[in-house]
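Below is entry37.cif, which holds mmCIF, C-alpha atoms.
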data_upload
#
loop_
_atom_site.label_atom_id
_atom_site.label_comp_id
_atom_site.auth_asym_id
_atom_site.auth_seq_id
_atom_site.Cartn_x
_atom_site.Cartn_y
_atom_site.Cartn_z
CA MET T 24 -171.67 -49.73 10.03
CA PHE T 25 -171.47 -46.12 11.25
CA LEU T 26 -175.22 -46.08 11.78
CA HIS T 27 -175.01 -49.34 13.67
CA LEU T 28 -172.20 -48.13 15.91
CA THR T 29 -173.76 -44.81 16.78
CA GLY T 30 -177.44 -45.75 16.67
CA GLU T 31 -178.17 -42.14 15.83
CA PRO T 32 -179.54 -40.15 12.91
CA THR T 33 -176.62 -39.14 10.73
CA GLN T 34 -175.83 -36.61 8.03
CA VAL T 35 -173.23 -36.59 5.27
CA THR T 36 -170.95 -33.59 5.61
CA GLY T 37 -168.55 -34.29 2.73
CA ALA T 38 -167.92 -36.80 -0.03
CA GLN T 39 -165.68 -37.47 -2.97
CA LEU T 40 -165.78 -40.22 -5.57
CA SER T 41 -163.40 -41.51 -8.20
CA ARG T 42 -163.46 -43.92 -11.11
CA ARG T 43 -159.94 -43.25 -12.29
CA ALA T 44 -158.32 -46.50 -11.21
CA HIS T 45 -160.31 -48.79 -13.49
CA GLU T 46 -162.03 -46.25 -15.74
CA GLN T 47 -165.31 -48.11 -15.45
CA PRO T 48 -168.71 -46.40 -15.52
CA VAL T 49 -169.05 -47.03 -11.80
CA GLU T 50 -166.86 -45.62 -9.09
CA ASP T 51 -163.93 -47.57 -7.72
CA TYR T 52 -163.34 -45.32 -4.70
CA ALA T 53 -165.39 -43.22 -2.34
CA SER T 54 -164.69 -41.37 0.85
CA VAL T 55 -167.56 -39.96 2.87
CA MET T 56 -167.55 -37.81 5.98
CA LEU T 57 -170.39 -38.23 8.47
CA ARG T 58 -171.69 -36.57 11.62
CA SER T 59 -174.18 -38.17 13.97
CA ALA T 60 -176.85 -36.28 15.85
CA SER T 61 -174.79 -36.18 19.05
CA GLY T 62 -171.65 -35.14 17.21
CA ILE T 63 -169.80 -38.39 16.52
CA LEU T 64 -167.62 -37.80 13.48
CA GLY T 65 -166.99 -40.49 10.92
CA THR T 66 -164.93 -41.09 7.81
CA VAL T 67 -165.89 -44.02 5.63
CA GLU T 68 -163.63 -45.07 2.77
CA VAL T 69 -164.51 -47.78 0.29
CA GLY T 70 -162.25 -48.88 -2.53
CA ASN T 71 -162.20 -51.61 -5.13
CA VAL T 72 -158.58 -51.53 -6.04
CA PHE T 73 -156.89 -54.29 -4.09
CA PRO T 74 -154.77 -56.07 -6.72
CA ARG T 75 -155.48 -59.70 -5.81
CA ASN T 76 -157.89 -61.87 -3.89
CA GLY T 77 -157.64 -60.17 -0.57
CA THR T 78 -158.54 -57.01 1.19
CA ASP T 79 -157.00 -54.05 2.93
CA GLY T 80 -158.85 -52.16 5.58
CA GLU T 81 -158.78 -50.68 9.00
CA TRP T 82 -161.54 -49.80 11.41
CA LYS T 83 -161.00 -47.39 14.24
CA ILE T 84 -163.07 -45.65 16.84
CA ALA T 85 -161.34 -43.16 19.05
CA GLY T 86 -162.23 -40.94 21.99
CA ARG T 87 -160.74 -39.22 25.00
CA ASP T 88 -159.90 -42.36 26.97
CA ALA T 89 -159.50 -45.14 24.42
CA ILE T 90 -158.86 -46.05 20.81
CA LEU T 91 -160.16 -49.33 19.43
CA THR T 92 -158.67 -50.49 16.13
CA MET T 93 -158.94 -53.55 13.95
CA LYS T 94 -156.54 -54.27 11.12
CA ASP T 95 -155.41 -57.49 9.48
CA GLY T 96 -157.68 -59.48 11.77
CA VAL T 97 -156.14 -58.07 14.94
CA MET T 98 -158.20 -55.91 17.26
CA LYS T 99 -156.42 -53.67 19.73
CA LEU T 100 -157.67 -51.44 22.51
CA ALA T 101 -155.27 -48.64 23.46
CA THR T 102 -155.82 -46.89 26.78
CA ALA T 103 -153.72 -44.90 29.25
CA GLU T 104 -152.72 -48.19 30.86
CA GLY T 105 -151.37 -49.68 27.65
CA ASP T 106 -152.46 -51.82 24.74
CA GLU T 107 -154.76 -54.79 24.98
CA THR T 108 -154.89 -57.18 22.03
CA LEU T 109 -158.27 -58.76 21.62
CA PRO T 110 -159.54 -61.64 19.49
CA GLY T 111 -160.34 -60.44 16.02
CA ALA T 112 -161.99 -62.25 13.16
CA ASP T 113 -161.16 -63.29 9.66
CA VAL T 114 -162.86 -61.58 6.76
CA THR T 115 -165.48 -64.20 6.01
CA ALA T 116 -166.49 -65.24 9.54
CA PRO T 117 -169.13 -62.54 10.01
CA TYR T 118 -170.68 -63.47 6.65
CA PHE T 119 -171.25 -67.02 7.79
CA ILE T 120 -172.77 -65.81 11.06
CA ALA T 121 -174.95 -63.34 9.19
CA VAL T 122 -176.30 -65.98 6.82
CA ARG T 123 -176.92 -68.41 9.66
CA ASP T 124 -178.69 -65.74 11.69
CA VAL T 125 -180.94 -64.79 8.79
CA LEU T 126 -181.87 -68.41 8.17
CA ASP T 127 -182.52 -69.06 11.86
CA HIS T 128 -184.87 -66.09 12.02
CA TRP T 129 -186.52 -67.26 8.83
CA LYS T 130 -187.15 -70.74 10.21
CA ARG T 131 -188.68 -69.33 13.39
CA GLY T 132 -190.94 -67.06 11.39
CA ALA T 133 -189.30 -64.08 13.04
CA PRO T 134 -188.59 -60.79 11.28
CA PRO T 135 -185.09 -60.58 9.81
CA PRO T 136 -182.42 -59.51 12.30
CA ILE T 137 -181.41 -56.68 9.99
CA SER T 138 -184.14 -55.69 7.59
CA VAL T 139 -184.63 -53.68 4.44
CA HIS T 140 -185.78 -50.84 6.69
CA ASP T 141 -182.28 -50.65 8.16
CA TRP T 142 -181.02 -50.54 4.61
CA VAL T 143 -183.24 -47.54 3.83
CA ARG T 144 -181.34 -45.54 6.44
CA ALA T 145 -178.03 -46.55 4.90
CA VAL T 146 -178.93 -45.78 1.30
CA GLN T 147 -180.28 -42.42 2.38
CA LEU T 148 -176.70 -41.58 3.34
CA ILE T 149 -175.44 -42.96 0.02
CA ASP T 150 -177.79 -40.63 -1.83
CA GLN T 151 -176.61 -37.73 0.31
CA ALA T 152 -173.02 -38.63 -0.47
CA TYR T 153 -173.65 -38.56 -4.21
CA GLU T 154 -175.40 -35.22 -3.93
CA CYS T 155 -172.53 -33.86 -1.86
CA ALA T 156 -169.89 -35.13 -4.30
CA GLU T 157 -171.79 -33.75 -7.28
CA GLN T 158 -172.13 -30.38 -5.61
CA TYR T 159 -168.40 -30.34 -4.89
CA SER T 160 -167.60 -31.20 -8.50
CA THR T 161 -169.85 -28.42 -9.73
CA ASP T 162 -168.33 -25.89 -7.35
CA ALA T 163 -164.77 -26.96 -8.19
CA GLY T 164 -165.51 -26.72 -11.90
CA ALA T 165 -166.86 -23.23 -11.47
CA ILE T 166 -163.77 -22.15 -9.55
CA LEU T 167 -161.46 -23.59 -12.21
CA ARG T 168 -163.38 -21.86 -14.98
CA MET K 24 -187.34 -78.80 7.65
CA THR K 25 -185.14 -77.87 4.74
CA ILE K 26 -184.75 -74.31 3.52
CA ARG K 27 -184.28 -74.25 -0.23
CA VAL K 28 -182.16 -71.48 -1.62
CA ALA K 29 -181.51 -70.13 -5.08
CA ALA K 30 -178.70 -67.63 -5.49
CA THR K 31 -178.75 -65.01 -8.22
CA GLU K 32 -176.17 -62.68 -9.74
CA VAL K 33 -173.32 -64.69 -8.30
CA SER K 34 -170.58 -62.83 -10.14
CA HIS K 35 -171.46 -59.31 -9.04
CA TRP K 36 -168.12 -57.52 -8.76
CA HIS K 37 -168.48 -56.58 -5.11
CA ALA K 38 -169.37 -60.14 -4.24
CA LEU K 39 -165.87 -61.18 -3.35
CA ASN K 40 -167.10 -63.76 -0.92
CA ASP K 41 -170.02 -65.04 -2.95
CA ALA K 42 -168.46 -68.45 -3.33
CA SER K 43 -167.80 -68.40 0.39
CA TYR K 44 -171.42 -67.57 1.06
CA LEU K 45 -172.50 -70.40 -1.16
CA ARG K 46 -170.03 -72.85 0.34
CA HIS K 47 -171.30 -71.88 3.79
CA LEU K 48 -174.85 -72.46 2.64
CA VAL K 49 -174.26 -75.89 1.18
CA ALA K 50 -172.44 -76.93 4.35
CA MET K 51 -175.31 -75.93 6.61
CA PRO K 52 -177.69 -78.58 7.86
CA HIS K 53 -181.24 -78.31 6.60
CA VAL K 54 -180.25 -75.89 3.85
CA GLU K 55 -180.29 -76.90 0.20
CA LEU K 56 -178.80 -74.73 -2.51
CA VAL K 57 -180.98 -75.64 -5.46
CA ALA K 58 -179.93 -73.23 -8.19
CA VAL K 59 -177.53 -70.48 -9.09
CA GLN K 60 -178.10 -67.75 -11.65
CA ASP K 61 -175.93 -65.23 -13.43
CA SER K 62 -176.24 -63.52 -16.77
CA ASP K 63 -172.70 -64.60 -17.66
CA ALA K 64 -172.85 -68.23 -18.79
CA GLY K 65 -169.21 -68.98 -18.11
CA LEU K 66 -169.22 -67.51 -14.64
CA VAL K 67 -172.43 -69.16 -13.56
CA ALA K 68 -171.05 -72.50 -14.72
CA ARG K 69 -167.94 -71.89 -12.68
CA ARG K 70 -169.91 -70.96 -9.57
CA ALA K 71 -172.19 -73.95 -9.97
CA ALA K 72 -169.21 -76.27 -10.23
CA GLU K 73 -167.57 -74.70 -7.18
CA VAL K 74 -170.52 -75.48 -4.97
CA GLY K 75 -171.72 -78.65 -6.68
CA VAL K 76 -175.05 -77.30 -7.88
CA ARG K 77 -176.37 -78.76 -11.11
CA ARG K 78 -179.20 -76.33 -11.71
CA ARG K 79 -177.97 -73.07 -13.18
CA SER K 80 -179.34 -70.42 -15.49
CA GLN K 81 -178.68 -67.02 -16.95
CA THR K 82 -182.00 -65.47 -16.00
CA THR K 83 -183.84 -65.35 -12.72
CA GLU K 84 -186.99 -66.58 -14.44
CA ARG K 85 -185.27 -69.73 -15.64
CA CYS K 86 -183.70 -70.16 -12.24
CA TRP K 87 -187.17 -70.66 -10.78
CA ARG K 88 -188.92 -72.29 -13.73
CA ARG K 89 -190.87 -75.56 -13.48
CA PRO K 90 -190.20 -78.34 -13.27
CA GLY K 91 -187.66 -77.78 -10.60
CA PRO K 92 -186.98 -77.98 -6.95
CA ILE K 93 -188.56 -74.62 -6.21
CA SER K 94 -191.82 -75.48 -7.89
CA SER K 95 -191.88 -78.83 -6.19
CA TRP K 96 -191.68 -76.86 -2.98
CA ARG K 97 -194.67 -74.84 -4.12
CA SER K 98 -196.70 -78.00 -4.48
CA GLY K 99 -195.97 -78.72 -0.84
CA GLY K 100 -197.58 -75.53 0.34
CA ILE K 101 -196.44 -72.98 2.83
CA ALA K 102 -197.88 -74.94 5.73
CA ARG K 103 -195.36 -77.69 5.10
CA TRP K 104 -192.38 -75.68 3.91
CA PRO K 105 -191.35 -72.41 5.46
CA ALA K 106 -190.49 -70.67 2.24
CA SER K 107 -188.08 -70.50 -0.56
CA LEU K 108 -185.34 -68.03 -0.32
CA MET K 109 -183.72 -66.00 -3.00
CA ILE K 110 -180.33 -64.49 -2.48
CA CYS K 111 -179.67 -61.55 -4.70
CA SER K 112 -177.20 -58.77 -5.01
CA ILE K 113 -177.92 -55.11 -4.58
CA SER K 114 -178.22 -54.56 -8.32
CA VAL K 115 -181.15 -56.91 -8.78
CA ILE K 116 -183.42 -56.09 -5.89
CA PRO K 117 -186.93 -56.98 -6.95
CA SER K 118 -189.08 -53.89 -6.92
CA ASP K 119 -192.21 -52.69 -8.62
CA GLY K 120 -190.95 -49.94 -10.84
CA GLU K 121 -188.22 -48.58 -13.00
CA ALA K 122 -184.88 -48.02 -11.41
CA THR K 123 -184.64 -44.36 -10.59
CA GLY K 124 -180.99 -43.85 -9.84
CA ASP K 125 -182.17 -42.86 -6.39
CA GLN K 126 -181.18 -45.68 -4.08
CA ARG K 127 -183.40 -44.60 -1.22
CA ALA K 128 -186.46 -44.61 -3.46
CA GLU K 129 -185.58 -48.03 -4.82
CA VAL K 130 -185.00 -49.57 -1.42
CA GLU K 131 -188.13 -47.93 -0.05
CA ALA K 132 -190.02 -49.54 -2.93
CA VAL K 133 -188.64 -52.92 -1.92
CA ALA K 134 -189.61 -52.26 1.69
CA ALA K 135 -193.13 -51.32 0.65
CA LYS K 136 -193.44 -54.40 -1.49
CA ALA K 137 -192.14 -56.60 1.28
CA ALA K 138 -194.75 -55.16 3.63
CA ARG K 139 -197.51 -55.71 1.09
CA LEU K 140 -196.49 -59.32 0.45
CA ASN K 141 -195.66 -60.00 4.08
CA ALA K 142 -192.27 -61.06 2.79
CA SER K 143 -189.08 -61.09 4.75
CA VAL K 144 -186.26 -59.05 3.27
CA ALA K 145 -183.05 -59.46 5.18
CA VAL K 146 -179.94 -57.38 4.72
CA PRO K 147 -177.04 -59.12 6.44
CA LEU K 148 -174.71 -56.11 6.81
CA ALA K 149 -172.32 -58.70 8.08
CA GLN K 150 -169.84 -56.32 9.66
CA ARG K 151 -172.35 -55.80 12.46
CA TYR K 152 -171.69 -59.36 13.60
CA GLY K 153 -167.96 -58.91 13.96
CA PRO K 154 -166.08 -58.44 17.24
CA PHE K 155 -165.11 -54.88 16.36
CA ALA K 156 -168.71 -53.75 16.14
CA THR K 157 -169.59 -55.46 19.40
CA ARG K 158 -166.68 -53.95 21.32
CA ALA K 159 -167.03 -50.52 19.75
CA ARG K 160 -170.68 -50.32 20.76
CA GLU K 161 -169.76 -51.33 24.32
CA LEU K 162 -167.11 -48.62 24.49
CA LEU K 163 -169.47 -46.01 23.09
CA ALA K 164 -172.17 -46.98 25.55
CA SER K 165 -169.72 -46.75 28.46
CA GLY K 166 -168.49 -43.34 27.41
CA ALA K 167 -164.90 -44.56 27.13
CA VAL K 168 -164.56 -43.30 23.60
CA TRP K 169 -166.16 -39.94 23.81
CA PRO K 170 -166.15 -37.55 22.04
CA ALA K 171 -165.84 -40.20 19.36
CA VAL K 172 -164.47 -40.26 15.87
CA ALA K 173 -164.76 -43.32 13.65
CA HIS K 174 -162.68 -44.22 10.66
CA LEU K 175 -163.90 -47.18 8.63
CA ARG K 176 -161.83 -48.11 5.59
CA SER K 177 -162.06 -51.16 3.38
CA ASP K 178 -160.58 -52.07 0.05
CA GLN K 179 -161.70 -54.98 -2.05
CA PRO K 180 -159.97 -56.64 -4.98
CA ALA K 181 -160.69 -55.30 -8.41
CA GLY K 182 -159.08 -54.73 -11.75
CA ALA K 183 -160.09 -56.63 -14.85
CA ARG K 184 -157.51 -59.38 -14.48
CA THR K 185 -158.13 -59.88 -10.76
CA LEU K 186 -161.87 -59.94 -11.21
CA ARG K 187 -161.65 -62.51 -14.01
CA SER K 188 -159.42 -64.72 -11.93
CA LEU K 189 -161.97 -64.58 -9.12
CA GLY K 190 -164.92 -65.25 -11.39
CA LEU K 191 -166.32 -61.78 -10.86
CA ARG K 192 -167.18 -59.01 -13.30
CA VAL K 193 -168.04 -55.34 -13.29
CA ASP K 194 -171.79 -55.59 -13.69
CA ALA K 195 -172.86 -52.39 -12.01
CA GLN K 196 -174.15 -49.42 -13.93
CA PRO K 197 -173.55 -45.74 -13.30
CA ARG K 198 -175.88 -44.22 -10.78
CA ARG K 199 -178.06 -42.39 -13.26
CA GLY K 200 -178.17 -45.27 -15.67
CA ARG K 201 -179.01 -48.24 -13.54
CA ARG K 202 -180.69 -51.01 -15.44
CA ARG K 203 -184.27 -51.98 -14.97
CA VAL K 204 -184.58 -54.57 -12.26
CA PRO K 205 -185.83 -57.98 -13.38
CA PRO K 206 -189.12 -59.44 -12.24
CA GLU K 207 -189.03 -61.34 -9.01
CA PRO K 208 -189.46 -65.11 -8.94
CA ARG K 209 -193.00 -65.99 -8.01
CA ALA K 210 -191.96 -68.82 -5.75
CA ALA K 211 -189.88 -66.68 -3.43
CA THR K 212 -191.41 -65.10 -0.39
CA GLY K 213 -188.22 -63.60 0.90
CA TRP K 214 -184.91 -62.26 -0.17
CA ILE K 215 -181.53 -61.81 1.33
CA CYS K 216 -179.84 -58.90 -0.34
CA PHE K 217 -176.10 -58.95 -0.05
CA SER K 218 -174.61 -55.56 -0.47
CA THR K 219 -171.38 -53.88 0.32
#

Represent the structure from my file as structure tokens, please.
Amino acid sequence: MFLHLTGEPTQVTGAQLSRRAHEQPVEDYASVMLRSASGILGTVEVGNVFPRNGTDGEWKIAGRDAILTMKDGVMKLATAEGDETLPGADVTAPYFIAVRDVLDHWKRGAPPPISVHDWVRAVQLIDQAYECAEQYSTDAGAILR
Amino acid sequence: MTIRVAATEVSHWHALNDASYLRHLVAMPHVELVAVQDSDAGLVARRAAEVGVRRRSQTTERCWRRPGPISSWRSGGIARWPASLMICSISVIPSDGEATGDQRAEVEAVAAKAARLNASVAVPLAQRYGPFATRARELLASGAVWPAVAHLRSDQPAGARTLRSLGLRVDAQPRRGRRRVPPEPRAATGWICFST
């Protein structure tokens, strides 16, 4: 999502992971800090700890003249003139659109709208995040020792 | 022209909306969900019942085995049918080699294989289709949110009891111990990989 919003090469500048909530072999929480080539800063948090069938999340992009947020299906644009509430979307709506879009491209014989090559750019950041988190753990362990 | 779809690994623990995906698929015109697969027999039965699909299996090979709707497509030939489509989760991406624990290498292997087979590998990244992404890109392009900072936070349901109630399970492996990916179905010429 950060790559899509910025459209720029991006680097991981910090990361931490946890598996303490469920004590499974895989992580149940991650927070990753990002910086795009032009200097857009990002924080991405992903958790798997919501206690029922539902979700909790908030997306925000902020700058000098405006802040755009989306939470609980409500999107809001805050500017110097005030707040503007905009149509949001439920959680599953984009998934339906995504599937339909993929199938439409498929039927036309067109390349996928978002391809595995886009995914390569995303997983490159995931690898960087793991490396960053591992380095932090090593450094913190050394300090504690 | 009907697109025939088999869905695999339908209880992957991040796949909160798998049943929603499948329900969307079966409701679409000219789309036929022909089979669902999961290594957990109970969960795949539940998913199959939810979306009214009779053909289910615990392995991807069985999911595509003759005689079945996919192989009957094969007899029709690509000129008559566009392709079969396999929907898989991130943990079972068909690739050529051992899982490395290095996601970039694994995905690059899938990309290389897709190029070699002239196969279409789509990654929905569904958030890109939402109104937030559209508006945020407009604001960034206009300079209204500059210098920009982005905070993207999401939390999905989890916990053993919650996952069981949703028909999901923790099937992922630790990064350095990811399981070997299974062989790809021969009938498929494309994949949609749902990931979080």

Proximal residues of chain T relative to chain K (all atoms listed in the file; 6 Å) as a ChimeraX atom specification: /T:28,48-49,63-76,78-89,117-118,121,135,137-139,143,146-147

Any idea what the distance is between atom CA of Glu154 of chain T and atom CA of Ala60 of chain T?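 Between atom CA of Glu154 of chain T and atom CA of Ala60 of chain T the gap is 19.9 Å.
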
To one decimal in Å, tell me the separation between atom CA of His45 of chain T and atom CA of Gly77 of chain T.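 So the answer is 17.4 Å.
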
Quick one: distance from atom CA of His27 of chain T to atom CA of Ala29 of chain K in Å, one decimal? 28.7 Å

Can you tell me, as JSON, the centre and edge lengths (Å, one decimal) of the axis-aligned box enclosing all of segment 116-124 of chain T's listed atoms after padding each side by 5 Å?
{"center_x": -172.6, "center_y": -65.5, "center_z": 9.2, "size_x": 22.2, "size_y": 15.9, "size_z": 15.0}

Block slice segment 87-115 of chain T, N, CA and C atoms, emitted as a tab-separated table (two decimals), in the first residue's frame:
chain	number	residue	atom	x	y	z
T	87	ARG	N	1.32	19.14	5.10
T	87	ARG	CA	1.24	20.51	5.61
T	87	ARG	C	-0.20	21.05	5.56
T	88	ASP	N	-0.93	20.73	4.51
T	88	ASP	CA	-2.22	21.37	4.28
T	88	ASP	C	-3.42	20.46	4.47
T	89	ALA	N	-3.22	19.18	4.71
T	89	ALA	CA	-4.36	18.28	4.81
T	89	ALA	C	-3.97	16.98	5.51
T	90	ILE	N	-4.97	16.37	6.12
T	90	ILE	CA	-4.81	15.03	6.68
T	90	ILE	C	-6.00	14.20	6.21
T	91	LEU	N	-5.72	13.10	5.58
T	91	LEU	CA	-6.77	12.19	5.12
T	91	LEU	C	-6.73	10.94	6.00
T	92	THR	N	-7.86	10.60	6.59
T	92	THR	CA	-7.90	9.41	7.45
T	92	THR	C	-9.05	8.51	7.02
T	93	MET	N	-8.90	7.24	7.32
T	93	MET	CA	-10.02	6.32	7.17
T	93	MET	C	-10.03	5.36	8.34
T	94	LYS	N	-11.14	5.30	9.04
T	94	LYS	CA	-11.29	4.41	10.18
T	94	LYS	C	-12.75	4.00	10.29
T	95	ASP	N	-12.95	2.74	10.58
T	95	ASP	CA	-14.31	2.21	10.73
T	95	ASP	C	-15.19	2.53	9.52
T	96	GLY	N	-14.60	2.47	8.35
T	96	GLY	CA	-15.36	2.69	7.12
T	96	GLY	C	-15.68	4.14	6.82
T	97	VAL	N	-15.16	5.05	7.62
T	97	VAL	CA	-15.43	6.48	7.39
T	97	VAL	C	-14.13	7.17	6.98
T	98	MET	N	-14.17	7.86	5.88
T	98	MET	CA	-13.00	8.58	5.40
T	98	MET	C	-13.22	10.07	5.65
T	99	LYS	N	-12.20	10.74	6.14
T	99	LYS	CA	-12.34	12.15	6.49
T	99	LYS	C	-11.13	12.92	6.01
T	100	LEU	N	-11.40	14.06	5.41
T	100	LEU	CA	-10.32	14.94	4.96
T	100	LEU	C	-10.36	16.19	5.84
T	101	ALA	N	-9.31	16.42	6.58
T	101	ALA	CA	-9.22	17.60	7.45
T	101	ALA	C	-8.30	18.62	6.80
T	102	THR	N	-8.83	19.84	6.64
T	102	THR	CA	-8.03	20.93	6.08
T	102	THR	C	-8.22	22.17	6.96
T	103	ALA	N	-7.60	23.27	6.57
T	103	ALA	CA	-7.75	24.51	7.34
T	103	ALA	C	-9.19	24.99	7.35
T	104	GLU	N	-9.94	24.61	6.34
T	104	GLU	CA	-11.34	25.05	6.24
T	104	GLU	C	-12.28	24.21	7.09
T	105	GLY	N	-11.83	23.05	7.52
T	105	GLY	CA	-12.71	22.18	8.31
T	105	GLY	C	-12.57	20.74	7.89
T	106	ASP	N	-13.53	19.93	8.34
T	106	ASP	CA	-13.51	18.50	8.02
T	106	ASP	C	-14.53	18.18	6.93
T	107	GLU	N	-14.13	17.33	6.04
T	107	GLU	CA	-15.03	16.85	5.00
T	107	GLU	C	-15.11	15.33	5.13
T	108	THR	N	-16.32	14.83	5.35
T	108	THR	CA	-16.50	13.38	5.43
T	108	THR	C	-16.82	12.85	4.04
T	109	LEU	N	-16.09	11.83	3.67
T	109	LEU	CA	-16.19	11.30	2.31
T	109	LEU	C	-16.68	9.86	2.36
T	110	PRO	N	-17.27	9.38	1.27
T	110	PRO	CA	-17.70	7.98	1.26
T	110	PRO	C	-16.52	7.04	1.47
T	111	GLY	N	-16.69	6.13	2.40
T	111	GLY	CA	-15.66	5.13	2.64
T	111	GLY	C	-16.04	3.82	1.97
T	112	ALA	N	-15.62	2.74	2.56
T	112	ALA	CA	-15.94	1.43	1.99
T	112	ALA	C	-15.91	0.41	3.09
T	113	ASP	N	-16.72	-0.65	2.95
T	113	ASP	CA	-16.62	-1.71	3.93
T	113	ASP	C	-15.37	-2.54	3.65
T	114	VAL	N	-15.09	-3.45	4.56
T	114	VAL	CA	-13.82	-4.17	4.50
T	114	VAL	C	-13.71	-5.04	3.25
T	115	THR	N	-14.81	-5.68	2.87
T	115	THR	CA	-14.70	-6.67	1.80
T	115	THR	C	-14.92	-6.08	0.41
